[in-house]
$ cat target-v3.csv   # CSV, C-alpha atoms
chain,number,residue,atom,x,y,z
S,1,MET,CA,142.9,64.7,93.1
S,2,LEU,CA,142.4,68.0,94.8
S,3,ASP,CA,141.1,69.6,91.6
S,4,THR,CA,138.5,66.8,91.4
S,5,ILE,CA,137.4,67.4,94.9
S,6,TYR,CA,137.1,71.1,94.3
S,7,ALA,CA,135.1,70.5,91.1
S,8,ILE,CA,132.7,68.1,92.8
S,9,LYS,CA,132.4,70.4,95.8
S,10,PHE,CA,131.7,73.3,93.4
S,11,VAL,CA,128.9,71.4,91.7
S,12,HIS,CA,127.5,70.3,95.0
S,13,MET,CA,127.5,73.8,96.5
S,14,ILE,CA,126.0,75.4,93.3
S,15,ALA,CA,123.2,72.8,93.4
S,16,ILE,CA,122.5,73.5,97.1
S,17,ALA,CA,122.6,77.3,96.4
S,18,VAL,CA,120.2,77.0,93.5
S,19,MET,CA,117.9,74.8,95.4
S,20,PHE,CA,117.8,77.1,98.5
S,21,GLY,CA,117.8,80.3,96.5
S,22,ALA,CA,115.1,79.3,94.1
S,23,TRP,CA,112.9,78.0,96.9
S,24,LEU,CA,113.4,81.2,98.9
S,25,THR,CA,112.8,83.4,95.8
S,26,ILE,CA,109.6,81.5,94.8
S,27,ALA,CA,108.3,81.9,98.4
S,28,LEU,CA,109.0,85.6,98.3
S,29,PHE,CA,107.2,86.1,95.0
S,30,MET,CA,104.3,84.0,96.0
S,31,LEU,CA,104.0,86.0,99.2
S,32,LEU,CA,104.2,89.3,97.4
S,33,ALA,CA,101.6,88.2,94.9
S,34,ARG,CA,99.2,87.2,97.7
S,35,ARG,CA,99.7,90.5,99.4
S,36,SER,CA,98.8,92.3,96.2
S,37,ARG,CA,95.3,90.9,96.5
S,38,ASN,CA,95.2,91.0,92.7
S,39,THR,CA,93.8,87.7,91.3
S,40,SER,CA,95.7,88.1,88.0
S,41,VAL,CA,99.0,88.8,89.7
S,42,VAL,CA,98.5,85.7,91.9
S,43,ALA,CA,97.7,83.6,88.8
S,44,VAL,CA,100.7,84.7,86.8
S,45,THR,CA,103.0,84.4,89.7
S,46,ALA,CA,101.8,80.9,90.5
S,47,LEU,CA,102.3,80.0,86.8
S,48,PHE,CA,105.9,81.2,86.9
S,49,ALA,CA,106.5,79.6,90.3
S,50,VAL,CA,105.5,76.2,89.0
S,51,ARG,CA,107.7,76.7,85.9
S,52,ALA,CA,110.7,77.7,88.1
S,53,GLU,CA,110.2,74.6,90.2
S,54,PHE,CA,110.7,72.4,87.2
S,55,ILE,CA,113.4,74.5,85.6
S,56,LEU,CA,115.5,75.3,88.7
S,57,MET,CA,114.5,73.1,91.6
S,58,LEU,CA,114.1,69.8,90.0
S,59,PRO,CA,117.6,69.7,88.5
S,60,ALA,CA,119.1,71.0,91.8
S,61,VAL,CA,117.2,68.4,93.8
S,62,ALA,CA,118.6,65.7,91.6
S,63,LEU,CA,122.1,67.0,91.3
S,64,THR,CA,122.7,67.6,95.1
S,65,PRO,CA,123.0,64.0,96.1
S,66,LEU,CA,124.6,63.0,92.8
S,67,ALA,CA,127.5,65.3,93.6
S,68,GLY,CA,127.3,64.8,97.4
S,69,TYR,CA,128.1,61.1,97.5
S,70,PRO,CA,131.2,61.3,95.3
S,71,LEU,CA,132.3,64.3,97.3
S,72,ALA,CA,132.0,62.4,100.6
S,73,VAL,CA,134.0,59.6,99.1
S,74,ALA,CA,136.6,61.9,97.6
S,75,ILE,CA,137.2,63.7,101.0
S,76,GLY,CA,137.5,60.3,102.7
S,77,ALA,CA,134.3,60.6,104.8
S,78,ASN,CA,132.6,57.4,105.7
S,79,LEU,CA,129.0,57.2,104.4
S,80,ASP,CA,127.9,55.9,107.8
S,81,GLU,CA,129.1,58.9,109.7
S,82,TYR,CA,126.4,60.5,111.8
S,83,TRP,CA,126.3,63.8,110.1
S,84,ILE,CA,126.0,62.2,106.7
S,85,GLU,CA,123.2,59.8,107.7
S,86,LEU,CA,121.3,62.7,109.4
S,87,SER,CA,121.8,64.9,106.4
S,88,GLU,CA,120.4,62.1,104.2
S,89,ALA,CA,117.4,61.7,106.4
S,90,ILE,CA,116.7,65.4,106.5
S,91,TYR,CA,117.3,65.7,102.7
S,92,ALA,CA,114.8,62.9,102.1
S,93,ALA,CA,112.2,64.8,104.2
S,94,VAL,CA,113.0,68.0,102.4
S,95,VAL,CA,112.4,66.4,99.1
S,96,VAL,CA,109.1,64.9,100.3
S,97,VAL,CA,108.1,68.4,101.6
S,98,TRP,CA,109.1,70.0,98.3
S,99,LEU,CA,107.1,67.5,96.3
S,100,ALA,CA,104.0,68.0,98.5
S,101,GLY,CA,104.5,71.8,98.2
S,102,LEU,CA,104.8,71.5,94.4
S,103,VAL,CA,101.4,69.6,94.3
S,104,ILE,CA,99.8,72.4,96.4
S,105,GLU,CA,101.5,75.0,94.3
S,106,ARG,CA,100.0,73.5,91.2
S,107,ARG,CA,96.5,73.6,92.8
S,108,ILE,CA,97.1,77.2,93.7
S,109,ARG,CA,98.0,77.9,90.1
S,110,LYS,CA,94.7,76.2,88.9
S,111,VAL,CA,92.5,77.9,91.5
S,112,SER,CA,94.0,81.4,90.8
S,113,GLN,CA,93.9,81.0,87.1
S,114,ASP,CA,90.2,79.9,87.2
S,115,ALA,CA,89.4,83.0,89.3
S,116,ALA,CA,91.4,85.3,87.0
S,117,ILE,CA,89.8,84.0,83.9
S,118,ASN,CA,86.3,84.3,85.3
S,119,GLY,CA,87.0,87.8,86.8
S,120,LYS,CA,86.3,86.6,90.3
S,121,PRO,CA,88.2,87.1,93.6
S,122,LEU,CA,90.4,84.4,94.9
S,123,PRO,CA,88.2,81.7,96.7
S,124,ASP,CA,88.6,80.6,100.3
S,125,SER,CA,90.3,77.4,99.0
S,126,TYR,CA,93.2,79.5,97.8
S,127,ARG,CA,93.8,81.0,101.2
S,128,ARG,CA,93.8,77.5,102.8
S,129,LEU,CA,96.1,76.1,100.1
S,130,PHE,CA,98.4,79.1,100.5
S,131,LEU,CA,98.7,78.6,104.3
S,132,ILE,CA,99.5,74.9,103.8
S,133,TRP,CA,102.0,75.7,101.1
S,134,CYS,CA,103.7,78.3,103.4
S,135,SER,CA,104.0,75.7,106.1
S,136,PHE,CA,105.6,73.2,103.7
S,137,THR,CA,107.9,75.9,102.3
S,138,LEU,CA,109.1,77.0,105.8
S,139,ALA,CA,109.7,73.4,106.9
S,140,GLY,CA,111.7,72.7,103.7
S,141,LEU,CA,113.8,75.9,104.0
S,142,ALA,CA,114.5,75.0,107.7
S,143,GLY,CA,115.6,71.5,106.6
S,144,MET,CA,117.9,73.0,104.0
S,145,ILE,CA,119.5,75.3,106.6
S,146,THR,CA,120.0,72.4,109.0
S,147,ILE,CA,121.7,70.3,106.2
S,148,MET,CA,124.0,73.2,105.4
S,149,VAL,CA,124.9,73.5,109.1
S,150,LEU,CA,125.6,69.8,109.2
S,151,MET,CA,127.8,70.0,106.1
S,152,ILE,CA,129.8,72.9,107.5
S,153,ARG,CA,130.2,71.5,111.1
S,154,GLN,CA,130.3,67.8,110.3
S,155,PRO,CA,129.7,66.8,113.9
S,156,HIS,CA,130.9,63.4,115.0
S,157,TRP,CA,128.5,62.1,117.7
S,158,GLY,CA,128.6,58.7,119.3
$ encode --input "target-v3.csv" --output "structure tokens"
Amino acid sequence: MLDTIYAIKFVHMIAIAVMFGAWLTIALFMLLARRSRNTSVVAVTALFAVRAEFILMLPAVALTPLAGYPLAVAIGANLDEYWIELSEAIYAAVVVVWLAGLVIERRIRKVSQDAAINGKPLPDSYRRLFLIWCSFTLAGLAGMITIMVLMIRQPHWG
């Protein structure tokens, strides 16, 4: 049984690490592209960022709860424990924030590609979209950190 618990825990932790790491890396590259002030760099980076969201983030977002629930059952945790319910609520919010950010990221890709193809600077709409995207990304990363703290501490409140 212990080998099964370790296997499920490994899958769960890898999914969380991929989700957090991919999100953080995408954010870093998007920020560096923006700071370059080069329309083509922003366009190519946004293209790769959206692809990475589907290649890395989407499977990790799906796999995290698929491994988390069996892990909770395997270690004997009750699914109605406070830390699990709070983690579920935060995770649901993180997924909504990620999806909203992905929609914005796709708009950033479109706006930056149009500007690059037409040899024009990035429009004001890009700057607004980027700020909104940054807000969603920071909120999502903060939510992921909170979930990891809850998983490690597993607090039992009233």
$ closest_atom_pairs --input "target-v3.csv" --of "stretch 11-110 of chain S" --to "stretch 129-146 of chain S" --cutoff "7 Å" --atoms "all atoms listed in the file" --output "tab-separated table"
residue	atom	partner	partner_atom	distance
S:Phe20	CA	S:Met144	CA	6.9
S:Ile90	CA	S:Gly143	CA	6.2
S:Val94	CA	S:Gly140	CA	5.0
S:Val97	CA	S:Phe136	CA	5.8
S:Trp98	CA	S:Gly140	CA	6.6
S:Gly101	CA	S:Trp133	CA	5.5
S:Ile104	CA	S:Trp133	CA	6.1
S:Glu105	CA	S:Trp133	CA	6.9
S:Ile108	CA	S:Leu129	CA	6.6
$ residues_around --input "target-v3.csv" --residues "S:Met13" --least-positions-apart "6" --cutoff "12 Å" --atoms "only C-alpha atoms" --output "short mmCIF file (atom, residue, chain, number, x, y, z; two decimals) with C-alpha atoms, in the coordinates of the input"
data_model
loop_
_atom_site.label_atom_id
_atom_site.label_comp_id
_atom_site.auth_asym_id
_atom_site.auth_seq_id
_atom_site.Cartn_x
_atom_site.Cartn_y
_atom_site.Cartn_z
CA ILE S 5 137.40 67.40 94.90
CA TYR S 6 137.10 71.10 94.30
CA ALA S 7 135.10 70.50 91.10
CA MET S 19 117.90 74.80 95.40
CA PHE S 20 117.80 77.10 98.50
CA GLY S 21 117.80 80.30 96.50
CA ALA S 60 119.10 71.00 91.80
CA VAL S 61 117.20 68.40 93.80
CA LEU S 63 122.10 67.00 91.30
CA THR S 64 122.70 67.60 95.10
CA PRO S 65 123.00 64.00 96.10
CA LEU S 66 124.60 63.00 92.80
CA ALA S 67 127.50 65.30 93.60
CA GLY S 68 127.30 64.80 97.40
CA LEU S 71 132.30 64.30 97.30
CA ILE S 147 121.70 70.30 106.20
CA MET S 148 124.00 73.20 105.40
CA MET S 151 127.80 70.00 106.10
CA ILE S 152 129.80 72.90 107.50
#
$ residues_near_point --input "target-v3.csv" --point "(125.5, 61.1, 97.6)" --cutoff "12 Å" --atoms "all atoms listed in the file" --output "ChimeraX atom specification"
/S:8-9,12,61-74,77-80,84-85,87-89,91-92
$ closest_residue --input "target-v3.csv" --among "S:Tyr82, S:Ala116, S:Leu102, S:Pro123" --to "S:Arg51" --atoms "all atoms listed in the file"
S:Leu102
$ closest_residue --input "target-v3.csv" --among "S:Ser112, S:Leu2, S:Arg153, S:Gly119" --to "S:Ala43" --atoms "only C-alpha atoms"
S:Ser112
$ atom_distance --input "target-v3.csv" --atom1 "atom CA of S:Val50" --atom2 "atom CA of S:Lys120"
21.9 Å
$ closest_residue --input "target-v3.csv" --among "S:Gln154, S:Leu122, S:Arg128, S:Ala22" --to "S:Ser40" --atoms "all atoms listed in the file"
S:Leu122
$ axis_aligned_box --input "target-v3.csv" --around "stretch 83-99 of chain S" --padding-each-side "6 Å" --output "AutoDock Vina command-line options"
--center_x 116.7 --center_y 64.9 --center_z 103.2 --size_x 31.2 --size_y 22.2 --size_z 25.8
$ atom_distance --input "target-v3.csv" --atom1 "atom CA of S:Ala93" --atom2 "atom CA of S:Trp23"
15.1 Å
$ atom_distance --input "target-v3.csv" --atom1 "atom CA of S:Ala49" --atom2 "atom CA of S:Lys110"
12.4 Å
$ closest_residue --input "target-v3.csv" --among "S:Leu56, S:Thr4, S:Ile117, S:Arg127" --to "S:Arg35" --atoms "only C-alpha atoms"
S:Arg127
$ closest_residue --input "target-v3.csv" --among "S:Leu31, S:Leu58, S:Arg107, S:Val149" --to "S:Trp83" --atoms "all atoms listed in the file"
S:Val149
$ build_atoms --input "target-v3.csv" --residues "stretch 34-59 of chain S" --atoms "N, CA and C atoms" --output "short mmCIF file (atom, residue, chain, number, x, y, z; two decimals), in the coordinates of the input"
data_model
loop_
_atom_site.label_atom_id
_atom_site.label_comp_id
_atom_site.auth_asym_id
_atom_site.auth_seq_id
_atom_site.Cartn_x
_atom_site.Cartn_y
_atom_site.Cartn_z
N ARG S 34 100.40 87.32 96.78
CA ARG S 34 99.20 87.20 97.70
C ARG S 34 98.92 88.53 98.32
N ARG S 35 99.95 89.24 98.74
CA ARG S 35 99.70 90.50 99.40
C ARG S 35 99.18 91.58 98.44
N SER S 36 99.37 91.39 97.14
CA SER S 36 98.80 92.30 96.20
C SER S 36 97.31 92.30 96.11
N ARG S 37 96.74 91.16 96.50
CA ARG S 37 95.30 90.90 96.50
C ARG S 37 94.71 91.06 95.05
N ASN S 38 95.58 90.90 94.07
CA ASN S 38 95.20 91.00 92.70
C ASN S 38 95.16 89.57 92.12
N THR S 39 94.00 89.09 91.75
CA THR S 39 93.80 87.70 91.30
C THR S 39 94.73 87.40 90.10
N SER S 40 94.83 88.33 89.16
CA SER S 40 95.70 88.10 88.00
C SER S 40 97.14 88.01 88.34
N VAL S 41 97.58 88.84 89.25
CA VAL S 41 99.00 88.80 89.70
C VAL S 41 99.28 87.46 90.37
N VAL S 42 98.37 87.00 91.21
CA VAL S 42 98.50 85.70 91.90
C VAL S 42 98.59 84.59 90.84
N ALA S 43 97.72 84.64 89.85
CA ALA S 43 97.70 83.60 88.80
C ALA S 43 98.95 83.54 88.01
N VAL S 44 99.44 84.69 87.57
CA VAL S 44 100.70 84.70 86.80
C VAL S 44 101.87 84.31 87.61
N THR S 45 101.91 84.77 88.85
CA THR S 45 103.00 84.40 89.70
C THR S 45 103.04 82.91 90.00
N ALA S 46 101.87 82.32 90.25
CA ALA S 46 101.80 80.90 90.50
C ALA S 46 102.23 80.11 89.24
N LEU S 47 101.86 80.60 88.07
CA LEU S 47 102.30 80.00 86.80
C LEU S 47 103.80 79.98 86.70
N PHE S 48 104.41 81.14 86.95
CA PHE S 48 105.90 81.20 86.90
C PHE S 48 106.56 80.44 87.97
N ALA S 49 105.95 80.39 89.15
CA ALA S 49 106.50 79.60 90.30
C ALA S 49 106.61 78.16 89.95
N VAL S 50 105.54 77.62 89.39
CA VAL S 50 105.50 76.20 89.00
C VAL S 50 106.59 75.93 87.95
N ARG S 51 106.70 76.82 86.99
CA ARG S 51 107.70 76.70 85.90
C ARG S 51 109.12 76.69 86.54
N ALA S 52 109.35 77.62 87.47
CA ALA S 52 110.70 77.70 88.10
C ALA S 52 110.99 76.47 88.91
N GLU S 53 109.97 75.85 89.50
CA GLU S 53 110.20 74.60 90.20
C GLU S 53 110.76 73.54 89.32
N PHE S 54 110.24 73.45 88.11
CA PHE S 54 110.70 72.40 87.20
C PHE S 54 112.02 72.80 86.51
N ILE S 55 112.23 74.09 86.25
CA ILE S 55 113.40 74.50 85.60
C ILE S 55 114.64 74.59 86.51
N LEU S 56 114.43 75.07 87.73
CA LEU S 56 115.50 75.30 88.70
C LEU S 56 115.59 74.20 89.78
N MET S 57 114.48 74.02 90.45
CA MET S 57 114.50 73.10 91.60
C MET S 57 114.69 71.68 91.28
N LEU S 58 113.98 71.18 90.31
CA LEU S 58 114.10 69.80 90.00
C LEU S 58 115.51 69.33 89.65
N PRO S 59 116.22 70.05 88.77
CA PRO S 59 117.60 69.70 88.50
C PRO S 59 118.49 69.78 89.78
#
